[in-house]
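J.: What follows is final_12.pdb, PDB, C-alpha atoms.
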```
ATOM      1  CA  MET P 196      -2.698 -88.903 -31.985
ATOM      2  CA  GLY P 197      -5.264 -88.887 -29.205
ATOM      3  CA  TYR P 198      -7.205 -85.816 -28.216
ATOM      4  CA  TYR P 199      -9.212 -84.386 -25.328
ATOM      5  CA  LEU P 200     -12.732 -83.033 -25.396
ATOM      6  CA  ALA P 201     -12.293 -79.582 -23.884
ATOM      7  CA  TYR P 202     -13.972 -76.307 -22.937
ATOM      8  CA  GLY P 203     -13.456 -73.147 -24.926
ATOM      9  CA  ILE P 204     -10.766 -71.816 -22.563
ATOM     10  CA  TYR P 205      -8.147 -74.285 -23.794
ATOM     11  CA  PRO P 206      -5.702 -73.279 -26.537
ATOM     12  CA  LYS P 207      -6.300 -74.241 -30.154
ATOM     13  CA  TRP P 208      -4.022 -77.267 -30.169
ATOM     14  CA  ALA P 209      -4.397 -80.466 -32.155
ATOM     15  CA  THR P 210      -4.933 -82.424 -28.927
ATOM     16  CA  PHE P 211      -7.964 -80.375 -27.799
ATOM     17  CA  VAL P 212     -11.344 -80.716 -29.472
ATOM     18  CA  LYS P 213     -13.360 -77.771 -28.250
ATOM     19  CA  THR P 214     -17.000 -77.070 -28.772
ATOM     20  CA  ILE P 215     -18.072 -74.360 -31.187
ATOM     21  CA  SER P 216     -19.238 -71.484 -28.988
ATOM     22  CA  MET P 217     -21.787 -69.976 -31.386
ATOM     23  CA  PRO P 218     -22.358 -72.612 -34.063
ATOM     24  CA  GLN P 219     -23.688 -71.411 -37.402
ATOM     25  CA  GLY P 220     -25.501 -74.026 -39.459
ATOM     26  CA  GLU P 221     -26.941 -77.452 -38.798
ATOM     27  CA  LYS P 222     -23.633 -79.334 -39.033
ATOM     28  CA  LYS P 223     -21.853 -77.175 -36.473
ATOM     29  CA  ARG P 224     -24.845 -77.115 -34.111
ATOM     30  CA  LEU P 225     -25.035 -80.905 -34.204
ATOM     31  CA  PHE P 226     -21.295 -81.188 -33.593
ATOM     32  CA  ALA P 227     -21.464 -78.788 -30.623
ATOM     33  CA  GLN P 228     -24.365 -80.730 -29.131
ATOM     34  CA  HIS P 229     -22.553 -84.068 -29.433
ATOM     35  CA  GLN P 230     -19.194 -82.698 -28.233
ATOM     36  CA  GLU P 231     -20.706 -81.087 -25.141
ATOM     37  CA  SER P 232     -22.794 -84.148 -24.293
ATOM     38  CA  THR P 233     -19.878 -86.553 -24.712
ATOM     39  CA  ARG P 234     -17.489 -84.299 -22.767
ATOM     40  CA  LYS P 235     -19.963 -84.147 -19.884
ATOM     41  CA  ASP P 236     -20.338 -87.942 -19.858
ATOM     42  CA  VAL P 237     -16.563 -88.463 -19.876
ATOM     43  CA  GLU P 238     -16.049 -85.917 -17.064
ATOM     44  CA  GLN P 239     -18.676 -87.584 -14.885
ATOM     45  CA  THR P 240     -17.273 -91.052 -15.558
ATOM     46  CA  PHE P 241     -13.730 -90.016 -14.680
ATOM     47  CA  GLY P 242     -15.004 -88.215 -11.599
ATOM     48  CA  VAL P 243     -16.539 -91.452 -10.368
ATOM     49  CA  LEU P 244     -13.373 -93.413 -11.149
ATOM     50  CA  GLN P 245     -11.096 -90.774  -9.570
ATOM     51  CA  SER P 246     -13.104 -90.839  -6.369
ATOM     52  CA  ARG P 247     -12.588 -94.593  -6.121
ATOM     53  CA  PHE P 248      -9.112 -95.201  -7.606
ATOM     54  CA  ALA P 249      -6.230 -92.865  -6.744
ATOM     55  CA  ILE P 250      -4.073 -94.093  -9.635
ATOM     56  CA  ILE P 251      -6.301 -92.172 -12.051
ATOM     57  CA  CYS P 252      -5.655 -88.874 -10.246
ATOM     58  CA  GLY P 253      -1.932 -88.761 -11.074
ATOM     59  CA  LEU P 254      -0.178 -87.366 -14.104
ATOM     60  CA  ALA P 255      -0.181 -89.750 -17.036
ATOM     61  CA  ARG P 256       1.410 -87.862 -19.921
ATOM     62  CA  ALA P 257       4.614 -89.909 -19.784
ATOM     63  CA  TRP P 258       2.880 -93.268 -19.468
ATOM     64  CA  HIS P 259       2.868 -95.719 -22.336
ATOM     65  CA  MET P 260      -0.512 -95.744 -24.130
ATOM     66  CA  LYS P 261      -1.065 -99.465 -23.465
ATOM     67  CA  THR P 262      -0.394 -98.916 -19.755
ATOM     68  CA  LEU P 263      -2.996 -96.129 -19.673
ATOM     69  CA  LYS P 264      -5.494 -98.199 -21.602
ATOM     70  CA  TYR P 265      -5.157-101.260 -19.371
ATOM     71  CA  THR P 266      -5.191 -99.169 -16.184
ATOM     72  CA  ILE P 267      -8.456 -97.497 -17.178
ATOM     73  CA  TYR P 268      -9.968-100.815 -18.276
ATOM     74  CA  ALA P 269      -8.975-102.414 -14.962
ATOM     75  CA  CYS P 270     -10.517 -99.542 -12.981
ATOM     76  CA  ILE P 271     -13.750 -99.719 -14.988
ATOM     77  CA  ILE P 272     -14.006-103.481 -14.540
ATOM     78  CA  LEU P 273     -13.239-103.233 -10.816
ATOM     79  CA  HIS P 274     -15.755-100.413 -10.397
ATOM     80  CA  ASN P 275     -18.461-102.447 -12.129
ATOM     81  CA  MET P 276     -17.644-105.497 -10.004
ATOM     82  CA  ILE P 277     -17.806-103.426  -6.803
ATOM     83  CA  VAL P 278     -21.112-101.854  -7.810
ATOM     84  CA  GLU P 279     -22.572-105.246  -8.680
ATOM     85  CA  ASP P 280     -21.315-106.822  -5.449
ATOM     86  CA  GLU P 281     -22.420-103.978  -3.174
ATOM     87  CA  ARG P 282     -25.597-102.977  -4.981
ATOM     88  CA  HIS P 283     -27.784-104.077  -2.083
ATOM     89  CA  THR P 284     -25.712-102.322   0.628
ATOM     90  CA  TYR P 285     -26.062 -98.699  -0.414
ATOM     91  CA  GLY P 286     -28.992 -96.798  -1.742
ATOM     92  CA  GLY P 287     -27.095 -94.512  -4.078
ATOM     93  CA  ASN P 288     -25.250 -92.699  -1.280
ATOM     94  CA  PHE P 289     -21.667 -93.244  -2.482
ATOM     95  CA  ASP P 290     -19.519 -90.136  -2.043
ATOM     96  CA  TYR P 291     -18.371 -89.153  -5.546
ATOM     97  CA  SER P 292     -16.711 -85.919  -4.442
ATOM     98  CA  TYR P 293     -13.022 -85.237  -4.886
ATOM     99  CA  ASP P 294     -12.598 -84.514  -1.163
ATOM    100  CA  ASN P 295     -11.632 -88.078  -0.315
ATOM    101  CA  VAL P 296      -8.962 -88.370  -3.037
ATOM    102  CA  ASP P 297      -5.257 -88.224  -2.202
ATOM    103  CA  ASN P 298      -3.697 -86.030  -4.885
ATOM    104  CA  ASN P 299      -0.168 -86.552  -3.580
ATOM    105  CA  ASN P 300       0.111 -90.086  -4.887
ATOM    106  CA  SER P 301       3.207 -91.132  -6.767
ATOM    107  CA  THR P 302       3.004 -92.565 -10.241
ATOM    108  CA  ILE P 303       5.245 -94.921 -12.097
ATOM    109  CA  GLU P 304       6.341 -93.316 -15.321
ATOM    110  CA  THR P 305       6.664 -95.601 -18.304
ATOM    111  CA  PHE P 306       7.778 -93.617 -21.311
ATOM    112  CA  SER P 307       6.512 -94.788 -24.671
ATOM    113  CA  ASP P 308       9.958 -94.342 -26.202
ATOM    114  CA  PRO P 309      12.706 -93.246 -23.800
ATOM    115  CA  HIS P 310      15.252 -93.033 -26.618
ATOM    116  CA  LEU P 311      13.712 -90.075 -28.381
ATOM    117  CA  ASN P 312      16.111 -87.184 -28.551
ATOM    118  CA  LEU P 313      15.201 -83.689 -27.455
ATOM    119  CA  ALA P 314      14.783 -82.397 -31.014
ATOM    120  CA  THR P 315      12.188 -85.083 -31.786
ATOM    121  CA  ARG P 316      10.281 -84.350 -28.588
ATOM    122  CA  LEU P 317      10.252 -80.618 -29.345
ATOM    123  CA  GLN P 318       9.104 -81.282 -32.912
ATOM    124  CA  ARG P 319       6.202 -83.414 -31.648
ATOM    125  CA  ARG P 320       5.218 -80.725 -29.172
ATOM    126  CA  ALA P 321       5.318 -78.052 -31.876
ATOM    127  CA  SER P 322       3.074 -80.133 -34.152
ATOM    128  CA  ILE P 323       0.534 -80.512 -31.330
ATOM    129  CA  CYS P 324       0.402 -76.736 -30.869
ATOM    130  CA  GLU P 325      -0.406 -75.925 -34.517
ATOM    131  CA  LYS P 326      -3.713 -74.081 -34.812
ATOM    132  CA  GLN P 327      -4.212 -75.230 -38.409
ATOM    133  CA  VAL P 328      -4.111 -78.874 -37.297
ATOM    134  CA  HIS P 329      -6.696 -78.017 -34.611
ATOM    135  CA  ARG P 330      -9.003 -76.417 -37.188
ATOM    136  CA  GLN P 331      -8.601 -79.364 -39.565
ATOM    137  CA  LEU P 332      -9.371 -81.884 -36.811
ATOM    138  CA  GLN P 333     -12.443 -79.958 -35.723
ATOM    139  CA  GLY P 334     -13.639 -79.659 -39.316
ATOM    140  CA  ASP P 335     -13.131 -83.381 -39.891
ATOM    141  CA  LEU P 336     -15.051 -84.187 -36.715
ATOM    142  CA  VAL P 337     -17.903 -81.851 -37.687
ATOM    143  CA  GLU P 338     -18.230 -83.762 -40.974
ATOM    144  CA  TYR P 339     -17.951 -87.128 -39.221
ATOM    145  CA  VAL P 340     -20.691 -86.290 -36.690
ATOM    146  CA  TRP P 341     -22.908 -84.917 -39.450
ATOM    147  CA  GLY P 342     -22.368 -88.015 -41.586
ATOM    148  CA  ARG P 343     -23.111 -90.334 -38.697
ATOM    149  CA  PHE P 344     -25.922 -88.510 -36.866
ATOM    150  CA  GLY P 345     -27.080 -85.698 -39.161
ATOM    151  CA  HIS P 346     -30.125 -87.453 -40.526
ATOM    152  CA  GLU P 347     -31.378 -88.735 -37.151
ATOM    153  CA  ASP P 348     -31.588 -85.395 -35.329
ATOM    154  CA  ASP P 349     -34.127 -83.383 -37.297
ATOM    155  CA  GLU P 350     -35.210 -81.324 -34.265
ATOM    156  CA  ILE P 351     -31.997 -79.275 -34.201
TER
END
```
Rewrite the coordinates I just gave you, this time as structure tokens.

T.:
Amino acid sequence: MGYYLAYGIYPKWATFVKTISMPQGEKKRLFAQHQESTRKDVEQTFGVLQSRFAIICGLARAWHMKTLKYTIYACIILHNMIVEDERHTYGGNFDYSYDNVDNNNSTIETFSDPHLNLATRLQRRASICEKQVHRQLQGDLVEYVWGRFGHEDDEI
């Protein structure tokens, strides 16, 4: 199951990895630092891509995961090609605001499994909303970040 890096205002669902608002201890402080930094980087990257490619602005929940993956990859590759090709023509004055984005675009929905019955869909949704799964995921990620970066960041 994929998940989103989120602010504290989002519900405690398995799909949202929120920062720890007042972290107690080195492990939780390190996790909060990495979560906030990564979330900021992802938000800025998607902001740039959304300002350039309208397909990224639409709803994507019902899209097949491979379709999402390849769409994002294509946009990143195209963006990098455009930047490389036009590097000499602009001095960093590209408009990255959301004002020039058409939010009324239509999207093609490609369901990952259109044959799922309603009961299965409701069961999946219920499992996403479990707070215990959210806490377990966050705890696992705290340990992962500590195991991977805990010995490098002694200044925390």

J.: Do you have the atom CA of Phe344 of chain P-atom CA of Leu225 of chain P distance handy?

T.: 8.1 Å

J.: Which is closer to Lys326 of chain P than all the others in P:Tyr198, P:Tyr268, P:Trp341, P:Phe211, using all atoms listed in the file?

T.: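 Using all atoms listed in the file, the shortest distance to Lys326 of chain P belongs to P:Phe211.
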
J.: Have a look at atom CA of Ala321 of chain P and atom CA of Pro206 of chain P and let me know their distance in Å, one decimal.

T.: 13.1 Å

J.: Interatomic distance between atom CA of Arg224 of chain P and atom CA of Glu238 of chain P?

T.: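 Between atom CA of Arg224 of chain P and atom CA of Glu238 of chain P the gap works out to 21.1 Å.
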
J.: Measuring atom to atom with all atoms listed in the file, identify which of P:Ser322, P:Phe248, P:Glu338, P:Leu254 is nearest to Ala227 of chain P.

T.: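 Among the listed residues, P:Glu338 lies closest to Ala227 of chain P.
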
J.: Could you list the residues chosen by the PyMOL selection byres ((chain P and resi 323) around 12) in this structure as a list in words?

T.: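 Answer for the PyMOL selection byres ((chain P and resi 323) around 12): Met196, Gly197, Tyr198, Pro206, Lys207, Trp208, Ala209, Thr210, Phe211, Arg316, Leu317, Gln318, Arg319, Arg320, Ala321, Ser322, Cys324, Glu325, Lys326, Gln327, Val328, His329, Arg330 and Leu332 of chain P.
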
J.: So, with all atoms listed in the file as the atoms that count, which of P:Ala201, P:Met260, P:Ala269, P:Met217 lies closest to Thr233 of chain P?

T.: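 Among the listed residues, P:Ala201 lies closest to Thr233 of chain P.
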
J.: Considering only C-alpha atoms, can you say which of P:Tyr265, P:Trp258, P:Tyr202, P:Tyr339 comes closest to Ser232 of chain P?

T.: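 Once distances to Ser232 of chain P are computed over only C-alpha atoms, the minimum belongs to P:Tyr202.
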
J.: Select, from P:Asp335, P:Asp280, P:Glu221, P:Glu231, the residue with the minimum atom-to-atom distance to Tyr199 of chain P, counting all atoms listed in the file.

T.: P:Glu231
